[in-house]
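Enquirer: Attaching a single structure in structure tokens format; questions to follow.
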Amino acid sequence: MKKTHHNRILASSIIALLLVGCALPLASTPTQFVFPTPNLTMTALFQIPPTNTSAPQPSVTQGVSTSSIPSATLSPTAPNCTNQAQFVSETFPDLTYVAPGTAFTKTWTLKNVGTCTWGAGYALVFDSGDQMAGPASVPITASVPPNAVYNFTVNLTAPATLGQYQGFWKLQSPQGVRFGIDAAGKSFWVKITTAVLAPAAPACAAQTKRPESYGGVIEAYYTTTPPTIDAVLGEWDSPLINDVPYDVWGDTDNDARFTLKWDFDNLYLAIEVEDDNLFQSTTDGSVMYKGDSVEILLDKDLKGDYCSTSLSSDDYQLGISPGNLPTPSSPTAWLWYPLSIKGTKIITIVSAVTASPGYIIEAAIPWSVFQGGPAGSEYYGFALSVSDNDHSGQQQDGLISTAPKRTIFSNPMLWGTLQIEIQTGP
Ligand SMILES: [Ca+2]
Ligand SMILES: [Ca+2]
Ligand SMILES: [Ca+2]
Ligand SMILES: [Ca+2]
């Protein structure tokens, strides 16, 4: 009794809720609910047959005896022969991209593996799925005896909406019996996509500049008044605008700041290195890196071979030595790369020891060292590094660089960026 009472309360509540629910929309005309038309993509997804009929099946079913074919595939009025096809090949294989709204011609090459000859009255017929503006049927226009192959062709149009589409087709006998590519009469299909499938992300795509994290963009402004190369930096900005912040190899206590300027004759460098112990004694430029010295890496075709991990003919490695230290004399320059033009380079260089302590280099590097200069504003690959040797040993103590990834010099992808500015500096 009590239970019945509760049920009544519950039923009343539901009715009340339903009434409230109905009464909530104040608009007087209820909107008719329309079941959405099935999405074409979803239709295709839900109609994928259990096995892949598109996979070529050469000769596997060729030996199927007629006695194994169920007679149910024939109509009562059919002649005493069997109808069966075998997949051979196709155009527009599964998920071929077709631009939306574009007409295309699908062809299945099928082999007659039944005992009936396909001829007048036989047709390719649309069975289910996405018809893609195709006809209901396409008559056979030839006589196809058993073991012969025939190209079944149908003109279709890719739907205008992006997605994947699949239409299932069969063959049909003059008696109206549909048959397909196995004894059970399985259909074959056309499956396309009108959506552009995202390509695999490339490991590297050419850019104008290296990533900011590779040392940022160092600017070289155009100058109409070339500096006097005398190791007196009064005509340069003070302090010099760029830091050399990254310890990339070994152990060094050096700091360095530099500025670059350019005109159509030279790239100008002013650098001030704080270094508590100066050592450079080589007269062989090729090993100047073992003592206190400066290195410039320059990639003149940054975008052209942006993704190349090795040096090419447009990649330069130039060393500038302040000369013998601690009493500066005979500063030199040496080009290690490109190998074809390696060797001593004639550069106007003047160096001086400073009280900081450390040394100064002021240099005018002719663009001819780099086999030509910029025509205007440009981005180059770039790193400036400073070798430090505080002891008269055979190897330098360490290296600081503008490029944090300059752990090896020979991969231009790890260098930073130099922006050649046609404007004069701020
Ligand atoms: Ca000067
Ligand atoms: Ca040092
Ligand atoms: Ca390059
Ligand atoms: Ca040193």
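Here, A, B, ... name the chains of the structure tokens in the order displayed, residue numbers run from 1 inside each chain, and ligands are numbered from 1 in the same displayed order.
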Set the cut-off to 9 Å, count only C-alpha atoms and all ligand atoms, and list whatever residues fall near ligand 3 as number ranges by chain.

Expert: A: 298-308, 310-315, 380-381, 412-413

Enquirer: Can I get the selected residues back with N, CA and C atoms, as a compact mmCIF listing (two decimals), in the first residue's frame?

Expert:
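again.txt, freshly written:
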# COMPACT_ATOMS: atom_id res chain seq x y z
N LEU A 298 79.89 32.24 -40.43
CA LEU A 298 78.96 32.99 -41.26
C LEU A 298 78.37 32.08 -42.33
N ASP A 299 77.05 32.00 -42.36
CA ASP A 299 76.34 31.22 -43.38
C ASP A 299 75.64 32.21 -44.31
N LYS A 300 76.22 32.37 -45.50
CA LYS A 300 75.71 33.42 -46.39
C LYS A 300 74.43 33.03 -47.12
N ASP A 301 74.12 31.76 -47.13
CA ASP A 301 72.87 31.33 -47.77
C ASP A 301 72.03 30.61 -46.72
N LEU A 302 71.55 31.39 -45.78
CA LEU A 302 70.86 30.81 -44.63
C LEU A 302 69.64 30.01 -45.05
N LYS A 303 68.85 30.57 -45.95
CA LYS A 303 67.60 29.90 -46.31
C LYS A 303 67.82 28.79 -47.34
N GLY A 304 68.85 28.96 -48.16
CA GLY A 304 69.06 28.02 -49.26
C GLY A 304 69.31 26.60 -48.83
N ASP A 305 70.12 26.44 -47.77
CA ASP A 305 70.37 25.07 -47.28
C ASP A 305 70.12 25.03 -45.78
N TYR A 306 68.96 25.62 -45.42
CA TYR A 306 68.62 25.82 -44.01
C TYR A 306 68.68 24.54 -43.20
N CYS A 307 68.32 23.42 -43.83
CA CYS A 307 68.20 22.17 -43.08
C CYS A 307 69.44 21.29 -43.22
N SER A 308 70.49 21.83 -43.80
CA SER A 308 71.71 21.03 -43.96
C SER A 308 72.53 21.08 -42.68
N SER A 310 75.62 20.08 -42.43
CA SER A 310 77.06 20.12 -42.68
C SER A 310 77.43 21.39 -43.44
N LEU A 311 78.72 21.71 -43.38
CA LEU A 311 79.21 22.92 -44.03
C LEU A 311 79.15 22.79 -45.54
N SER A 312 78.80 23.89 -46.19
CA SER A 312 78.81 23.91 -47.65
C SER A 312 79.61 25.12 -48.11
N SER A 313 79.63 25.37 -49.40
CA SER A 313 80.51 26.40 -49.95
C SER A 313 80.10 27.81 -49.57
N ASP A 314 78.90 27.98 -48.98
CA ASP A 314 78.48 29.30 -48.55
C ASP A 314 78.64 29.48 -47.03
N ASP A 315 79.31 28.55 -46.39
CA ASP A 315 79.51 28.60 -44.93
C ASP A 315 80.98 28.87 -44.62
N TYR A 380 71.87 36.35 -42.33
CA TYR A 380 72.91 35.33 -42.47
C TYR A 380 72.87 34.44 -41.23
N GLY A 381 73.35 33.21 -41.41
CA GLY A 381 73.63 32.40 -40.23
C GLY A 381 74.90 32.94 -39.59
N PRO A 412 75.85 24.08 -39.38
CA PRO A 412 75.28 25.44 -39.48
C PRO A 412 73.87 25.55 -38.90
N MET A 413 73.19 24.42 -38.77
CA MET A 413 71.85 24.48 -38.19
C MET A 413 71.87 24.92 -36.73

Enquirer: Mind listing the residues within 6 Å of ligand 1, only C-alpha atoms and all ligand atoms counted, as number ranges by chain?

Expert: A: 227-233

Enquirer: Limited to N, CA and C atoms, could you put the picked residues into a file as an mmCIF file, in the first residue's frame?

Expert:
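Saved result, part_15.cif, follows:
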data_model
loop_
_atom_site.group_PDB
_atom_site.id
_atom_site.type_symbol
_atom_site.label_atom_id
_atom_site.label_comp_id
_atom_site.auth_asym_id
_atom_site.auth_seq_id
_atom_site.Cartn_x
_atom_site.Cartn_y
_atom_site.Cartn_z
ATOM 1 N N PRO A 227 84.801 53.014 -39.444
ATOM 2 C CA PRO A 227 85.636 53.254 -38.256
ATOM 3 C C PRO A 227 87.120 53.275 -38.624
ATOM 4 N N THR A 228 87.860 53.993 -37.837
ATOM 5 C CA THR A 228 89.322 53.983 -37.995
ATOM 6 C C THR A 228 89.857 52.766 -37.257
ATOM 7 N N ILE A 229 90.550 51.922 -37.972
ATOM 8 C CA ILE A 229 91.010 50.661 -37.374
ATOM 9 C C ILE A 229 92.318 50.932 -36.623
ATOM 10 N N ASP A 230 92.164 51.231 -35.339
ATOM 11 C CA ASP A 230 93.327 51.628 -34.547
ATOM 12 C C ASP A 230 93.262 51.118 -33.107
ATOM 13 N N ALA A 231 92.294 50.205 -32.852
ATOM 14 C CA ALA A 231 92.113 49.658 -31.499
ATOM 15 C C ALA A 231 91.721 50.735 -30.490
ATOM 16 N N VAL A 232 91.235 51.857 -30.979
ATOM 17 C CA VAL A 232 90.618 52.861 -30.121
ATOM 18 C C VAL A 232 89.150 52.900 -30.515
ATOM 19 N N LEU A 233 88.268 52.572 -29.578
ATOM 20 C CA LEU A 233 86.878 52.308 -29.940
ATOM 21 C C LEU A 233 85.947 53.484 -29.695
#

Enquirer: So that I can check the secondary structure, give me every residue of stretch 104-184 of chain A assigned strand (DSSP E or B) by backbone DSSP, as a compact mmCIF listing (two decimals) with C-alpha atoms, in the first residue's frame.

Expert:
# COMPACT_ATOMS: atom_id res chain seq x y z
CA PHE A 104 36.58 11.40 -61.59
CA THR A 105 36.36 8.01 -63.27
CA LYS A 106 36.58 4.87 -61.19
CA THR A 107 37.47 1.62 -62.88
CA TRP A 108 37.44 -1.86 -61.38
CA THR A 109 39.08 -4.56 -63.45
CA LEU A 110 37.21 -7.76 -62.64
CA LYS A 111 37.64 -11.28 -63.90
CA ASN A 112 34.71 -13.51 -64.78
CA TRP A 118 28.58 -11.66 -69.18
CA ALA A 123 25.41 -4.26 -65.70
CA LEU A 124 27.52 -2.63 -63.04
CA VAL A 125 25.04 -1.38 -60.43
CA PHE A 126 25.21 0.95 -57.45
CA ASP A 127 24.42 -1.06 -54.35
CA SER A 128 24.79 1.07 -51.23
CA GLY A 129 26.79 3.79 -49.51
CA SER A 137 23.68 1.18 -63.42
CA VAL A 138 26.20 0.97 -66.24
CA PRO A 139 25.51 -1.71 -68.87
CA VAL A 144 32.92 -11.37 -71.29
CA VAL A 149 38.59 -9.70 -67.55
CA TYR A 150 36.57 -6.55 -68.07
CA ASN A 151 37.01 -2.94 -67.00
CA PHE A 152 33.91 -1.72 -65.18
CA THR A 153 34.01 2.05 -65.34
CA VAL A 154 31.74 4.60 -63.74
CA ASN A 155 31.85 8.39 -63.75
CA LEU A 156 31.56 9.87 -60.28
CA THR A 157 31.85 13.27 -58.66
CA GLN A 164 35.69 10.36 -46.58
CA TYR A 165 33.19 8.72 -48.90
CA GLN A 166 32.61 5.10 -49.83
CA GLY A 167 30.19 3.66 -52.38
CA PHE A 168 29.50 -0.06 -52.80
CA TRP A 169 28.86 -1.53 -56.23
CA LYS A 170 27.88 -4.94 -57.57
CA LEU A 171 27.23 -6.64 -60.87
CA GLN A 172 23.76 -7.63 -61.93
CA ARG A 178 23.05 -9.03 -58.01
CA PHE A 179 26.41 -10.74 -57.59

Enquirer: At what distance in Å, to one decimal, does atom CA of A:Lys209 lie from atom CA of A:Asp255?

Expert: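 Computed distance, atom CA of A:Asp255 to atom CA of A:Lys209, equals 25.7 Å.
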
Enquirer: Show me, as JSON lines, the residues of chain A having an atom within 8 Å of ligand 2, each with the closest atom pair and its distance in Å, using only C-alpha atoms and all ligand atoms.

Expert:
{"residue": "A:Thr252", "atom": "CA", "partner": "ligand 2", "partner_atom_place_in_ligand_line": "1 (Ca)", "distance": 5.6}
{"residue": "A:Asp253", "atom": "CA", "partner": "ligand 2", "partner_atom_place_in_ligand_line": "1 (Ca)", "distance": 4.8}
{"residue": "A:Asn254", "atom": "CA", "partner": "ligand 2", "partner_atom_place_in_ligand_line": "1 (Ca)", "distance": 4.7}
{"residue": "A:Glu274", "atom": "CA", "partner": "ligand 2", "partner_atom_place_in_ligand_line": "1 (Ca)", "distance": 7.4}
{"residue": "A:Asp275", "atom": "CA", "partner": "ligand 2", "partner_atom_place_in_ligand_line": "1 (Ca)", "distance": 4.3}
{"residue": "A:Asp276", "atom": "CA", "partner": "ligand 2", "partner_atom_place_in_ligand_line": "1 (Ca)", "distance": 5.1}
{"residue": "A:Asn277", "atom": "CA", "partner": "ligand 2", "partner_atom_place_in_ligand_line": "1 (Ca)", "distance": 5.4}
{"residue": "A:Leu278", "atom": "CA", "partner": "ligand 2", "partner_atom_place_in_ligand_line": "1 (Ca)", "distance": 7.1}
{"residue": "A:Asp388", "atom": "CA", "partner": "ligand 2", "partner_atom_place_in_ligand_line": "1 (Ca)", "distance": 5.3}
{"residue": "A:Asn389", "atom": "CA", "partner": "ligand 2", "partner_atom_place_in_ligand_line": "1 (Ca)", "distance": 6.1}
{"residue": "A:Asp390", "atom": "CA", "partner": "ligand 2", "partner_atom_place_in_ligand_line": "1 (Ca)", "distance": 5.2}
{"residue": "A:Asp397", "atom": "CA", "partner": "ligand 2", "partner_atom_place_in_ligand_line": "1 (Ca)", "distance": 7.9}

Enquirer: Check which residues fall inside 12 Å of ligand 4 when counting only C-alpha atoms and all ligand atoms, and print them as an NGL selection string.

Expert: :A and (251-256 or 273-281 or 289-294 or 321-322 or 324-326 or 353 or 357-359 or 386-393 or 395-400)

Enquirer: Could you state the separation of atom CA of A:Thr407 and atom CA of A:Tyr379 in Å, given to one decimal place?

Expert: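 Separating atom CA of A:Thr407 from atom CA of A:Tyr379 is a distance of 22.0 Å.
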
Enquirer: Can you pull out every residue within 10 Å of A:Gly285, counting only C-alpha atoms, but drop anything in the same chain fewer than 6 positions away, and send it as a ChimeraX atom specification?

Expert: /A:319-321,323,331-336,343-345

Enquirer: Which residues, written as a list of chain:residue names, have at least one atom at most 9 Å from A:Pro404, with only C-alpha atoms counted and residues fewer than 2 positions away on the same chain left out?

Expert: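 The filter keeps A:Ser213, A:Tyr214, A:Gly215, A:Pro245, A:Tyr246, A:Asp247, A:Val248, A:Ile400, A:Ser401, A:Thr402, A:Arg406, A:Thr407, A:Leu414, A:Trp415, A:Gly416.
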
Enquirer: Running DSSP on the backbone, which parts of stretch 58-305 of chain A land in helix (DSSP H, G or I), as a PDB file with C-alpha atoms, in the first residue's frame?

Expert:
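The resulting selection_33.pdb:
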ATOM      1  CA  THR A  66      31.120 -24.413 -59.996  1.00  0.00           C
ATOM      2  CA  SER A  67      29.649 -27.024 -57.692  1.00  0.00           C
ATOM      3  CA  SER A  68      30.721 -24.990 -54.644  1.00  0.00           C
ATOM      4  CA  SER A  71      22.539 -21.946 -56.373  1.00  0.00           C
ATOM      5  CA  ALA A  72      20.895 -19.168 -54.387  1.00  0.00           C
ATOM      6  CA  THR A  73      22.979 -16.631 -56.324  1.00  0.00           C
ATOM      7  CA  GLU A 212      65.434  32.658 -31.279  1.00  0.00           C
ATOM      8  CA  SER A 213      66.820  30.211 -28.731  1.00  0.00           C
ATOM      9  CA  TYR A 214      69.908  29.660 -30.891  1.00  0.00           C
ATOM     10  CA  GLY A 285      97.062  30.954 -38.123  1.00  0.00           C
ATOM     11  CA  SER A 286      95.461  27.551 -38.538  1.00  0.00           C
ATOM     12  CA  VAL A 287      95.871  26.782 -34.824  1.00  0.00           C
ATOM     13  CA  MET A 288      95.098  30.245 -33.438  1.00  0.00           C
ATOM     14  CA  TYR A 289      92.088  28.749 -31.633  1.00  0.00           C
ATOM     15  CA  LYS A 290      94.491  27.230 -29.116  1.00  0.00           C
TER      16      LYS A 290
END

Enquirer: What does the distance from atom CA of A:Tyr122 to atom CA of A:Thr96 come to in Å, to one decimal?

Expert: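 One can read the atom CA of A:Tyr122 to atom CA of A:Thr96 distance as 28.4 Å.
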